[in-house]
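Trainee: Sharing final03.pdb below, PDB, C-alpha atoms:
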```pdb
ATOM      1  CA  MET A 543     -63.392  18.768  21.616
ATOM      2  CA  ASN A 544     -61.585  20.898  19.080
ATOM      3  CA  ALA A 545     -58.304  20.018  20.730
ATOM      4  CA  SER A 546     -59.072  16.271  20.463
ATOM      5  CA  ILE A 547     -59.958  16.568  16.791
ATOM      6  CA  SER A 548     -56.815  18.523  16.147
ATOM      7  CA  LYS A 549     -54.766  15.852  17.947
ATOM      8  CA  LEU A 550     -56.424  13.122  15.893
ATOM      9  CA  LYS A 551     -55.695  15.002  12.684
ATOM     10  CA  GLY A 552     -52.073  15.381  13.741
ATOM     11  CA  SER A 553     -51.735  11.684  14.471
ATOM     12  CA  ALA A 554     -53.334  10.727  11.173
ATOM     13  CA  CYS A 555     -51.007  13.056   9.340
ATOM     14  CA  ALA A 556     -47.979  11.549  11.070
ATOM     15  CA  VAL A 557     -49.090   8.021  10.201
ATOM     16  CA  PHE A 558     -49.752   9.067   6.590
ATOM     17  CA  CYS A 559     -46.294  10.642   6.303
ATOM     18  CA  ALA A 560     -44.662   7.562   7.776
ATOM     19  CA  CYS A 561     -46.481   5.340   5.292
ATOM     20  CA  VAL A 562     -45.473   7.559   2.362
ATOM     21  CA  LEU A 563     -41.850   7.601   3.464
ATOM     22  CA  ALA A 564     -41.836   3.851   3.929
ATOM     23  CA  SER A 565     -43.460   3.198   0.561
ATOM     24  CA  THR A 566     -41.004   5.435  -1.269
ATOM     25  CA  GLY A 567     -38.050   3.716   0.356
ATOM     26  CA  PHE A 568     -36.916   6.895   2.035
ATOM     27  CA  ALA A 569     -34.505   4.990   4.186
ATOM     28  CA  ALA A 570     -30.737   4.916   4.087
ATOM     29  CA  GLY A 571     -29.516   3.545   0.765
ATOM     30  CA  LEU A 572     -26.445   1.513   0.010
ATOM     31  CA  ARG A 573     -23.150   3.247   0.697
ATOM     32  CA  VAL A 574     -19.613   2.638  -0.450
ATOM     33  CA  ASP A 575     -16.824   3.863   1.815
ATOM     34  CA  ALA A 576     -13.159   4.005   0.909
ATOM     35  CA  PRO A 577     -10.212   4.177   3.309
ATOM     36  CA  SER A 578      -8.211   7.362   3.590
ATOM     37  CA  GLY A 579      -4.489   7.986   3.377
ATOM     38  CA  MET A 580      -3.648   6.322   0.093
ATOM     39  CA  PRO A 581       0.082   6.856  -0.506
ATOM     40  CA  THR A 582       0.850   8.531  -3.811
ATOM     41  CA  GLY A 583       3.845   9.256  -5.984
ATOM     42  CA  LYS A 584       4.584   5.926  -7.646
ATOM     43  CA  THR A 585       3.178   5.840 -11.135
ATOM     44  CA  VAL A 586       3.468   3.854 -14.331
ATOM     45  CA  THR A 587       2.785   4.993 -17.856
ATOM     46  CA  ALA A 588       0.143   3.337 -19.975
ATOM     47  CA  GLN A 589       2.940   1.621 -21.908
ATOM     48  CA  GLN A 590       4.427   0.243 -18.694
ATOM     49  CA  LEU A 591       1.042  -1.001 -17.479
ATOM     50  CA  TRP A 592       0.545  -2.743 -20.805
ATOM     51  CA  GLN A 593       3.968  -4.371 -20.388
ATOM     52  CA  VAL A 594       2.860  -5.694 -16.992
ATOM     53  CA  PHE A 595      -0.148  -7.330 -18.615
ATOM     54  CA  ASP A 596       1.810  -8.563 -21.609
ATOM     55  CA  SER A 597       4.569 -10.103 -19.538
ATOM     56  CA  SER A 598       2.527 -11.557 -16.678
ATOM     57  CA  LEU A 599      -0.629 -12.825 -18.371
ATOM     58  CA  PRO A 600      -0.910 -15.814 -20.720
ATOM     59  CA  LYS A 601      -0.895 -15.122 -24.431
ATOM     60  CA  GLY A 602      -4.214 -14.292 -26.049
ATOM     61  CA  VAL A 603      -5.790 -12.281 -23.216
ATOM     62  CA  TRP A 604      -7.691  -9.227 -24.395
ATOM     63  CA  VAL A 605      -6.746  -5.964 -22.690
ATOM     64  CA  SER A 606      -8.958  -2.911 -23.003
ATOM     65  CA  PRO A 607      -7.545   0.398 -24.225
ATOM     66  CA  LEU A 608      -5.666   2.366 -21.571
ATOM     67  CA  GLU A 609      -7.140   5.839 -21.678
ATOM     68  CA  ASP A 610      -4.910   7.535 -19.107
ATOM     69  CA  ALA A 611      -1.291   8.539 -19.703
ATOM     70  CA  GLU A 612      -0.232   7.432 -16.202
ATOM     71  CA  TYR A 613      -1.642   5.242 -13.463
ATOM     72  CA  GLU A 614      -1.029   5.234  -9.716
ATOM     73  CA  VAL A 615       0.789   2.180  -8.365
ATOM     74  CA  ILE A 616      -0.872   1.049  -5.151
ATOM     75  CA  SER A 617       1.158   0.690  -1.969
ATOM     76  CA  ALA A 618       1.081  -2.962  -0.917
ATOM     77  CA  LYS A 619       1.356  -1.946   2.728
ATOM     78  CA  TRP A 620      -1.638   0.402   2.478
ATOM     79  CA  LEU A 621      -3.513  -2.275   0.570
ATOM     80  CA  LYS A 622      -2.952  -4.841   3.320
ATOM     81  CA  TYR A 623      -3.516  -2.678   6.368
ATOM     82  CA  ASP A 624      -6.073  -0.116   5.211
ATOM     83  CA  PHE A 625      -7.781  -1.132   1.998
ATOM     84  CA  LEU A 626      -8.482  -4.831   2.560
ATOM     85  CA  PRO A 627     -10.071  -4.362   6.014
ATOM     86  CA  ALA A 628     -12.284  -1.642   4.505
ATOM     87  CA  LEU A 629     -13.155  -3.910   1.571
ATOM     88  CA  LYS A 630     -14.116  -6.778   3.872
ATOM     89  CA  LEU A 631     -16.298  -4.466   5.936
ATOM     90  CA  GLN A 632     -17.901  -3.115   2.771
ATOM     91  CA  MET A 633     -18.690  -6.588   1.491
ATOM     92  CA  LYS A 634     -20.110  -7.581   4.859
ATOM     93  CA  GLN A 635     -22.396  -4.555   4.834
ATOM     94  CA  LEU A 636     -23.550  -5.246   1.293
ATOM     95  CA  ARG A 637     -24.327  -8.849   2.189
ATOM     96  CA  GLU A 638     -26.223  -7.682   5.275
ATOM     97  CA  ASN A 639     -28.314  -5.574   2.901
ATOM     98  CA  GLY A 640     -29.120  -8.722   0.984
ATOM     99  CA  VAL A 641     -27.759  -7.534  -2.342
ATOM    100  CA  ALA A 642     -25.845 -10.681  -3.216
ATOM    101  CA  ALA A 643     -27.858 -12.713  -5.688
ATOM    102  CA  ASP A 644     -27.069 -14.655  -8.819
ATOM    103  CA  GLY A 645     -28.527 -13.148 -11.938
ATOM    104  CA  SER A 646     -28.593  -9.655 -10.467
ATOM    105  CA  ALA A 647     -26.288  -6.665 -10.204
ATOM    106  CA  GLY A 648     -25.103  -8.128  -6.891
ATOM    107  CA  ASN A 649     -22.986 -10.746  -8.615
ATOM    108  CA  CYS A 650     -19.241 -11.253  -8.886
ATOM    109  CA  ASN A 651     -18.971  -8.575 -11.546
ATOM    110  CA  GLY A 652     -20.774  -6.035  -9.368
ATOM    111  CA  PHE A 653     -18.584  -6.775  -6.350
ATOM    112  CA  ALA A 654     -15.391  -6.494  -8.394
ATOM    113  CA  LEU A 655     -16.587  -3.107  -9.635
ATOM    114  CA  ILE A 656     -17.284  -1.985  -6.062
ATOM    115  CA  CYS A 657     -13.708  -2.954  -5.182
ATOM    116  CA  ARG A 658     -12.414  -0.815  -8.041
ATOM    117  CA  LEU A 659     -14.736   2.028  -7.055
ATOM    118  CA  MET A 660     -13.183   2.006  -3.575
ATOM    119  CA  PHE A 661      -9.718   2.337  -5.133
ATOM    120  CA  SER A 662     -10.973   5.202  -7.266
ATOM    121  CA  LEU A 663     -12.561   7.021  -4.325
ATOM    122  CA  ALA A 664      -9.377   6.685  -2.274
ATOM    123  CA  ALA A 665      -7.333   7.972  -5.221
ATOM    124  CA  MET A 666      -9.665  10.903  -5.733
ATOM    125  CA  GLN A 667      -9.352  11.945  -2.119
ATOM    126  CA  ALA A 668      -5.560  11.655  -2.322
ATOM    127  CA  HIS A 669      -5.524  13.648  -5.588
ATOM    128  CA  ALA A 670      -3.684  10.735  -7.143
ATOM    129  CA  ARG A 671      -3.741   9.499 -10.686
ATOM    130  CA  GLY A 672      -6.218   6.851 -11.644
ATOM    131  CA  PRO A 673      -5.348   3.672  -9.758
ATOM    132  CA  ALA A 674      -3.656   0.874 -11.698
ATOM    133  CA  THR A 675      -6.555  -1.496 -11.245
ATOM    134  CA  ALA A 676      -8.689  -3.554 -13.565
ATOM    135  CA  THR A 677     -11.561  -5.947 -13.732
ATOM    136  CA  VAL A 678     -10.543  -9.430 -14.800
ATOM    137  CA  VAL A 679     -12.895 -11.871 -16.474
ATOM    138  CA  VAL A 680     -11.730 -15.408 -15.843
ATOM    139  CA  HIS A 681     -12.938 -18.960 -16.205
ATOM    140  CA  GLN A 682     -13.126 -20.227 -12.615
ATOM    141  CA  ASP A 683     -11.362 -23.536 -13.170
ATOM    142  CA  GLN A 684      -9.788 -23.603  -9.708
ATOM    143  CA  ALA A 685     -11.150 -22.564  -6.320
ATOM    144  CA  PHE A 686      -9.815 -19.279  -5.020
ATOM    145  CA  GLY A 687     -10.688 -16.860  -2.243
ATOM    146  CA  GLY A 688     -13.659 -18.854  -0.995
ATOM    147  CA  ILE A 689     -15.231 -19.261  -4.433
ATOM    148  CA  PRO A 690     -15.274 -22.908  -5.467
ATOM    149  CA  ALA A 691     -14.217 -24.158  -8.884
ATOM    150  CA  THR A 692     -17.490 -23.300 -10.562
ATOM    151  CA  LYS A 693     -16.168 -23.934 -14.080
ATOM    152  CA  GLU A 694     -17.948 -20.846 -15.292
ATOM    153  CA  GLY A 695     -17.245 -17.204 -15.969
ATOM    154  CA  HIS A 696     -16.133 -15.214 -12.956
ATOM    155  CA  CYS A 697     -14.906 -11.720 -12.219
ATOM    156  CA  VAL A 698     -12.094 -10.603  -9.909
ATOM    157  CA  ALA A 699     -10.090  -7.416  -9.439
ATOM    158  CA  PHE A 700      -6.524  -6.731 -10.542
ATOM    159  CA  VAL A 701      -4.246  -4.239  -8.826
ATOM    160  CA  LEU A 702      -0.674  -3.251  -9.608
ATOM    161  CA  THR A 703       1.092  -2.761  -6.291
ATOM    162  CA  ASP A 704       4.636  -1.680  -5.557
ATOM    163  CA  GLU A 705       5.287  -5.365  -4.870
ATOM    164  CA  GLY A 706       3.981  -6.433  -8.261
ATOM    165  CA  PRO A 707       0.616  -7.347  -9.783
ATOM    166  CA  TRP A 708      -1.999  -8.906  -7.496
ATOM    167  CA  ILE A 709      -5.438 -10.420  -7.841
ATOM    168  CA  ILE A 710      -8.184  -9.671  -5.318
ATOM    169  CA  GLU A 711     -11.238 -11.839  -4.828
ATOM    170  CA  ALA A 712     -13.442  -8.867  -3.993
ATOM    171  CA  GLN A 713     -16.122 -10.827  -2.176
ATOM    172  CA  SER A 714     -13.769 -12.198   0.458
ATOM    173  CA  GLY A 715     -10.842  -9.784   0.314
ATOM    174  CA  VAL A 716      -8.439 -12.647  -0.351
ATOM    175  CA  THR A 717      -5.400 -11.633  -2.398
ATOM    176  CA  THR A 718      -2.562 -13.338  -4.181
ATOM    177  CA  GLN A 719       0.293 -12.370  -6.403
ATOM    178  CA  LEU A 720      -0.824 -12.700 -10.000
ATOM    179  CA  SER A 721       1.896 -15.270 -10.665
ATOM    180  CA  ALA A 722       0.419 -17.502  -7.941
ATOM    181  CA  TYR A 723      -3.225 -17.020  -8.938
ATOM    182  CA  PRO A 724      -4.581 -20.525  -9.579
ATOM    183  CA  ASN A 725      -6.732 -19.343 -12.487
ATOM    184  CA  LEU A 726      -3.989 -17.344 -14.175
ATOM    185  CA  GLY A 727      -4.114 -19.636 -17.197
ATOM    186  CA  SER A 728      -7.837 -19.121 -17.764
ATOM    187  CA  ILE A 729      -7.968 -15.314 -17.661
ATOM    188  CA  GLN A 730      -9.888 -14.118 -20.693
ATOM    189  CA  LEU A 731     -10.166 -10.368 -20.528
ATOM    190  CA  VAL A 732      -8.790  -7.391 -18.608
ATOM    191  CA  SER A 733     -10.818  -4.185 -18.504
ATOM    192  CA  VAL A 734      -9.035  -1.145 -17.125
ATOM    193  CA  HIS A 735     -11.732   1.437 -17.835
TER
ATOM    194  CA  MET B1140      12.634  -0.347   0.125
ATOM    195  CA  LYS B1141      14.590  -2.598  -2.174
ATOM    196  CA  THR B1142      11.575  -4.828  -2.733
ATOM    197  CA  HIS B1143       9.543  -1.784  -3.734
ATOM    198  CA  LEU B1144      12.030  -0.664  -6.298
ATOM    199  CA  ILE B1145      12.615  -3.943  -8.072
ATOM    200  CA  PRO B1146       9.221  -4.288  -9.786
ATOM    201  CA  LEU B1147       9.270  -0.683 -10.948
ATOM    202  CA  ALA B1148      12.807  -1.055 -12.249
ATOM    203  CA  GLY B1149      11.657  -4.173 -14.038
ATOM    204  CA  LEU B1150       8.877  -2.219 -15.671
ATOM    205  CA  ALA B1151      11.286   0.410 -16.893
ATOM    206  CA  ILE B1152      13.517  -2.219 -18.448
ATOM    207  CA  ALA B1153      10.563  -4.010 -19.968
ATOM    208  CA  SER B1154       9.287  -0.875 -21.644
ATOM    209  CA  VAL B1155      12.587  -0.533 -23.409
ATOM    210  CA  ALA B1156      12.870  -4.198 -24.350
ATOM    211  CA  PHE B1157       9.380  -4.630 -25.801
ATOM    212  CA  GLY B1158       8.013  -3.010 -28.893
ATOM    213  CA  LYS B1159       5.552  -0.225 -28.279
ATOM    214  CA  VAL B1160       1.867  -0.531 -28.890
ATOM    215  CA  ASP B1161      -0.897   2.005 -29.194
ATOM    216  CA  THR B1162      -2.383   1.713 -25.726
ATOM    217  CA  THR B1163      -5.473   3.625 -26.736
ATOM    218  CA  GLN B1164      -6.510   0.654 -28.848
ATOM    219  CA  PRO B1165      -7.505  -2.856 -27.709
ATOM    220  CA  MET B1166      -4.583  -5.200 -27.099
ATOM    221  CA  VAL B1167      -3.980  -8.899 -26.904
ATOM    222  CA  THR B1168      -1.154 -10.257 -24.789
ATOM    223  CA  GLY B1169       1.579 -11.794 -26.890
ATOM    224  CA  GLN B1170       0.364  -9.981 -29.994
ATOM    225  CA  GLY B1171       0.201  -6.266 -29.223
ATOM    226  CA  ASN B1172      -2.616  -4.284 -30.722
ATOM    227  CA  ALA B1173      -5.611  -6.339 -31.682
ATOM    228  CA  THR B1174      -6.261  -6.499 -35.392
ATOM    229  CA  VAL B1175      -9.919  -7.125 -34.803
ATOM    230  CA  ARG B1176     -12.055  -5.756 -32.017
ATOM    231  CA  PRO B1177     -12.919  -8.326 -29.374
ATOM    232  CA  ALA B1178     -16.436  -8.027 -28.211
ATOM    233  CA  ARG B1179     -19.290  -5.855 -29.176
ATOM    234  CA  VAL B1180     -21.010  -6.830 -25.977
ATOM    235  CA  MET B1181     -19.797  -8.135 -22.674
ATOM    236  CA  VAL B1182     -22.507 -10.376 -21.365
ATOM    237  CA  THR B1183     -22.978 -10.445 -17.625
ATOM    238  CA  ASN B1184     -25.503 -12.474 -15.719
ATOM    239  CA  GLY B1185     -25.758 -14.642 -18.765
ATOM    240  CA  THR B1186     -26.088 -18.345 -18.798
ATOM    241  CA  ALA B1187     -23.670 -20.783 -20.254
ATOM    242  CA  ASP B1188     -24.112 -21.594 -23.908
ATOM    243  CA  ALA B1189     -25.539 -24.848 -25.211
ATOM    244  CA  ALA B1190     -22.231 -26.618 -24.745
ATOM    245  CA  GLY B1191     -22.190 -25.499 -21.131
ATOM    246  CA  THR B1192     -19.090 -23.410 -21.530
ATOM    247  CA  SER B1193     -18.349 -19.739 -21.506
ATOM    248  CA  ALA B1194     -16.955 -17.975 -24.529
ATOM    249  CA  SER B1195     -13.393 -19.042 -25.142
ATOM    250  CA  ALA B1196     -10.497 -16.792 -25.935
ATOM    251  CA  ASP B1197     -10.519 -18.229 -29.450
ATOM    252  CA  LYS B1198     -14.098 -17.229 -30.047
ATOM    253  CA  LEU B1199     -13.812 -13.521 -29.547
ATOM    254  CA  ASP B1200     -17.371 -12.496 -29.999
ATOM    255  CA  LYS B1201     -18.448 -12.227 -26.394
ATOM    256  CA  PHE B1202     -17.367 -12.897 -22.848
ATOM    257  CA  ILE B1203     -19.894 -14.396 -20.541
ATOM    258  CA  VAL B1204     -19.719 -13.797 -16.809
ATOM    259  CA  THR B1205     -22.196 -16.159 -15.346
ATOM    260  CA  GLY B1206     -21.432 -14.897 -11.871
ATOM    261  CA  SER B1207     -20.089 -16.769  -8.904
ATOM    262  CA  LEU B1208     -20.992 -15.766  -5.391
ATOM    263  CA  LEU B1209     -19.296 -16.623  -2.147
ATOM    264  CA  PRO B1210     -21.097 -19.626  -0.587
ATOM    265  CA  LYS B1211     -23.183 -18.546   2.399
ATOM    266  CA  ASP B1212     -21.206 -20.486   4.978
ATOM    267  CA  VAL B1213     -17.942 -19.030   3.687
ATOM    268  CA  ALA B1214     -19.433 -15.529   3.666
ATOM    269  CA  LEU B1215     -20.684 -15.891   7.237
ATOM    270  CA  ALA B1216     -17.288 -17.088   8.411
ATOM    271  CA  ALA B1217     -15.553 -14.213   6.624
ATOM    272  CA  ASP B1218     -17.988 -11.630   7.978
ATOM    273  CA  ALA B1219     -17.514 -12.892  11.514
ATOM    274  CA  LEU B1220     -13.866 -11.854  11.320
ATOM    275  CA  VAL B1221     -14.633  -8.302  10.224
ATOM    276  CA  PRO B1222     -14.419  -5.843  13.123
ATOM    277  CA  ALA B1223     -17.259  -3.436  13.755
ATOM    278  CA  PRO B1224     -16.829  -0.074  12.010
ATOM    279  CA  ALA B1225     -16.077   1.751  15.257
ATOM    280  CA  GLN B1226     -13.252  -0.650  16.009
ATOM    281  CA  SER B1227     -11.691  -0.633  12.581
ATOM    282  CA  GLY B1228     -10.042   2.705  13.165
ATOM    283  CA  ALA B1229     -10.383   3.585   9.525
ATOM    284  CA  PRO B1230     -12.748   6.481   9.102
ATOM    285  CA  ALA B1231     -14.493   6.723   5.786
ATOM    286  CA  ALA B1232     -12.576   8.995   3.492
ATOM    287  CA  ALA B1233     -14.983   9.242   0.674
ATOM    288  CA  THR B1234     -18.449   7.967   0.334
ATOM    289  CA  VAL B1235     -20.792   7.594  -2.546
ATOM    290  CA  ALA B1236     -24.435   6.974  -1.947
ATOM    291  CA  LEU B1237     -25.668   4.402  -4.410
ATOM    292  CA  ALA B1238     -29.299   5.012  -3.660
ATOM    293  CA  ARG B1239     -31.434   7.666  -2.104
ATOM    294  CA  ASP B1240     -29.786   9.628   0.681
ATOM    295  CA  ALA B1241     -30.830   8.952   4.191
ATOM    296  CA  ALA B1242     -33.678  11.000   5.593
ATOM    297  CA  PRO B1243     -32.473  14.159   7.323
ATOM    298  CA  ALA B1244     -32.021  13.809  11.042
ATOM    299  CA  LYS B1245     -34.900  14.916  13.188
ATOM    300  CA  LYS B1246     -34.353  18.086  15.131
TER
END
```
Would you mind giving the structure from this file in structure tokens?
Mentor:
Amino acid sequence: MNASISKLKGSACAVFCACVLASTGFAAGLRVDAPSGMPTGKTVTAQQLWQVFDSSLPKGVWVSPLEDAEYEVISAKWLKYDFLPALKLQMKQLRENGVAADGSAGNCNGFALICRLMFSLAAMQAHARGPATATVVVHQDQAFGGIPATKEGHCVAFVLTDEGPWIIEAQSGVTTQLSAYPNLGSIQLVSVH
Amino acid sequence: MKTHLIPLAGLAIASVAFGKVDTTQPMVTGQGNATVRPARVMVTNGTADAAGTSASADKLDKFIVTGSLLPKDVALAADALVPAPAQSGAPAAATVALARDAAPAKK
């Protein structure tokens, strides 16, 4: 009899613990993974990065202060073969977690920041300088990277590669050279930090 | 290798050709350092203003990112092309947990 009561108590305790864990969301949270092996050694000064913006963007685009003295130029080869597959997988996993929603943190701005976070994590592991990346606020006049021409504010990522400046639509992993970006003329703001 | 060197060489030349700016201060392309600060706030998840447009570059009081998401059918098609993690061959180098850590494994 005592053994049965003890067993019942044990079962009740287990159920209680399970309920508490479930109610507190003690499950795996969202994770961001970055690819390894980022090549290092090619850098630009803050002045040179500014010159990239000044010479490749339309006039009148606001550029945030550049707080670092030097920035790491990203290898285009590593970007294509290591970073972009990891980015696409990351975005897939975030979508599977149901985070994408208008009017929430899971919007275009949030995804562009995740893309930049992945660059930063990879650079940290490689003991590199801060990556020459930025968040770009743009008026989405033209469709690009799977996002239709919404005619509203949008956010994409910028990266300076050793093949020149590129734009990444973070949500789809589609890239283009900045000079070929269809919304180049409607970029409004570049935020590096 | 040549293609890798050209953009960097271009940057070096450009830095000599252009006047220097204080990169620790806000800048505007074509003008150099901004004489007035752009935005006190950067509005995200906002809605378009009464005219249905986002803030323009001429009206430098705020930048509105209304937020555009990948259409579901496009997202599904893109996700279908992504290999499973085990097949990607790219082990995670660094990870940041954005929420609570996973429960410890049962012994």
Trainee: Report the distance between atom CA of Ala1217 of chain B and atom CA of Ala664 of chain A in Å, rounded to one decimal place.
Mentor: 23.5 Å
Trainee: As an exercise, work out the distance from atom CA of Asp704 of chain A to atom CA of Leu655 of chain A in Å and give it to one decimal place.
Mentor: 21.7 Å
Trainee: Expressed in Å to a single decimal, how great is the separation between atom CA of Pro577 of chain A and atom CA of Ala628 of chain A?
Mentor: 6.3 Å
Trainee: Show me, as a PyMOL selection string, the residues of chain A whose atoms get within 7 Å of chain B, using all atoms listed in the file for the distance check.
Mentor: chain A and resi 568-578+588-590+593+595-596+599-609+630-631+634+644-646+649-651+663-664+667+688-689+694-697+704-706+713-714+730
Trainee: Keeping C-alpha atoms for every residue in the selection just given, could you write it to a file as a compact mmCIF listing (two decimals), in the frame of the given file?
Mentor:
```txt
# COMPACT_ATOMS: atom_id res chain seq x y z
CA PHE A 568 -36.92 6.90 2.04
CA ALA A 569 -34.51 4.99 4.19
CA ALA A 570 -30.74 4.92 4.09
CA GLY A 571 -29.52 3.54 0.76
CA LEU A 572 -26.44 1.51 0.01
CA ARG A 573 -23.15 3.25 0.70
CA VAL A 574 -19.61 2.64 -0.45
CA ASP A 575 -16.82 3.86 1.82
CA ALA A 576 -13.16 4.00 0.91
CA PRO A 577 -10.21 4.18 3.31
CA SER A 578 -8.21 7.36 3.59
CA ALA A 588 0.14 3.34 -19.98
CA GLN A 589 2.94 1.62 -21.91
CA GLN A 590 4.43 0.24 -18.69
CA GLN A 593 3.97 -4.37 -20.39
CA PHE A 595 -0.15 -7.33 -18.61
CA ASP A 596 1.81 -8.56 -21.61
CA LEU A 599 -0.63 -12.82 -18.37
CA PRO A 600 -0.91 -15.81 -20.72
CA LYS A 601 -0.90 -15.12 -24.43
CA GLY A 602 -4.21 -14.29 -26.05
CA VAL A 603 -5.79 -12.28 -23.22
CA TRP A 604 -7.69 -9.23 -24.40
CA VAL A 605 -6.75 -5.96 -22.69
CA SER A 606 -8.96 -2.91 -23.00
CA PRO A 607 -7.54 0.40 -24.22
CA LEU A 608 -5.67 2.37 -21.57
CA GLU A 609 -7.14 5.84 -21.68
CA LYS A 630 -14.12 -6.78 3.87
CA LEU A 631 -16.30 -4.47 5.94
CA LYS A 634 -20.11 -7.58 4.86
CA ASP A 644 -27.07 -14.66 -8.82
CA GLY A 645 -28.53 -13.15 -11.94
CA SER A 646 -28.59 -9.65 -10.47
CA ASN A 649 -22.99 -10.75 -8.62
CA CYS A 650 -19.24 -11.25 -8.89
CA ASN A 651 -18.97 -8.57 -11.55
CA LEU A 663 -12.56 7.02 -4.32
CA ALA A 664 -9.38 6.68 -2.27
CA GLN A 667 -9.35 11.94 -2.12
CA GLY A 688 -13.66 -18.85 -1.00
CA ILE A 689 -15.23 -19.26 -4.43
CA GLU A 694 -17.95 -20.85 -15.29
CA GLY A 695 -17.24 -17.20 -15.97
CA HIS A 696 -16.13 -15.21 -12.96
CA CYS A 697 -14.91 -11.72 -12.22
CA ASP A 704 4.64 -1.68 -5.56
CA GLU A 705 5.29 -5.36 -4.87
CA GLY A 706 3.98 -6.43 -8.26
CA GLN A 713 -16.12 -10.83 -2.18
CA SER A 714 -13.77 -12.20 0.46
CA GLN A 730 -9.89 -14.12 -20.69
```
Trainee: Written as a list in words, what is the full residue list that the PyMOL selection byres ((chain A and resi 699) around 6) yields on the file shown?
Mentor: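 This file gives the following for the PyMOL selection byres ((chain A and resi 699) around 6): Ala654, Ala676, Thr677, Val678, Val698, Phe700, Ile709 and Ile710 of chain A.
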Trainee: With the PyMOL selection byres ((chain A and resi 684) around 12) as the selection, what would be picked from this file? Answer as an NGL selection string, please.
Mentor: :A and (680-683 or 685-696 or 723-729)
Trainee: Would you compute, for all listed atoms of segment 629-636 of chain A, the axis-aligned bounding box grown by 3 Å on each side, and then report its centre and edge lengths in Å rounded to one decimal, as AutoDock Vina command-line options?
Mentor:
```
--center_x -18.4 --center_y -5.3 --center_z 3.6 --size_x 16.4 --size_y 10.5 --size_z 10.6
```
Trainee: Using the chain letters and numbers from the file, give me the residues hit by the PyMOL selection byres ((chain A and resi 612) around 9), as number ranges by chain.
Mentor: A: 585-591, 609-611, 613-614, 671-672, 674
Trainee: How would the residues just picked look written out with C-alpha atoms as an mmCIF file, in the frame of the given file?
Mentor:
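Written output follows (out_19.cif):
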```cif
data_model
loop_
_atom_site.group_PDB
_atom_site.id
_atom_site.type_symbol
_atom_site.label_atom_id
_atom_site.label_comp_id
_atom_site.auth_asym_id
_atom_site.auth_seq_id
_atom_site.Cartn_x
_atom_site.Cartn_y
_atom_site.Cartn_z
ATOM 1 C CA THR A 585 3.178 5.840 -11.135
ATOM 2 C CA VAL A 586 3.468 3.854 -14.331
ATOM 3 C CA THR A 587 2.785 4.993 -17.856
ATOM 4 C CA ALA A 588 0.143 3.337 -19.975
ATOM 5 C CA GLN A 589 2.940 1.621 -21.908
ATOM 6 C CA GLN A 590 4.427 0.243 -18.694
ATOM 7 C CA LEU A 591 1.042 -1.001 -17.479
ATOM 8 C CA GLU A 609 -7.140 5.839 -21.678
ATOM 9 C CA ASP A 610 -4.910 7.535 -19.107
ATOM 10 C CA ALA A 611 -1.291 8.539 -19.703
ATOM 11 C CA TYR A 613 -1.642 5.242 -13.463
ATOM 12 C CA GLU A 614 -1.029 5.234 -9.716
ATOM 13 C CA ARG A 671 -3.741 9.499 -10.686
ATOM 14 C CA GLY A 672 -6.218 6.851 -11.644
ATOM 15 C CA ALA A 674 -3.656 0.874 -11.698
#
```
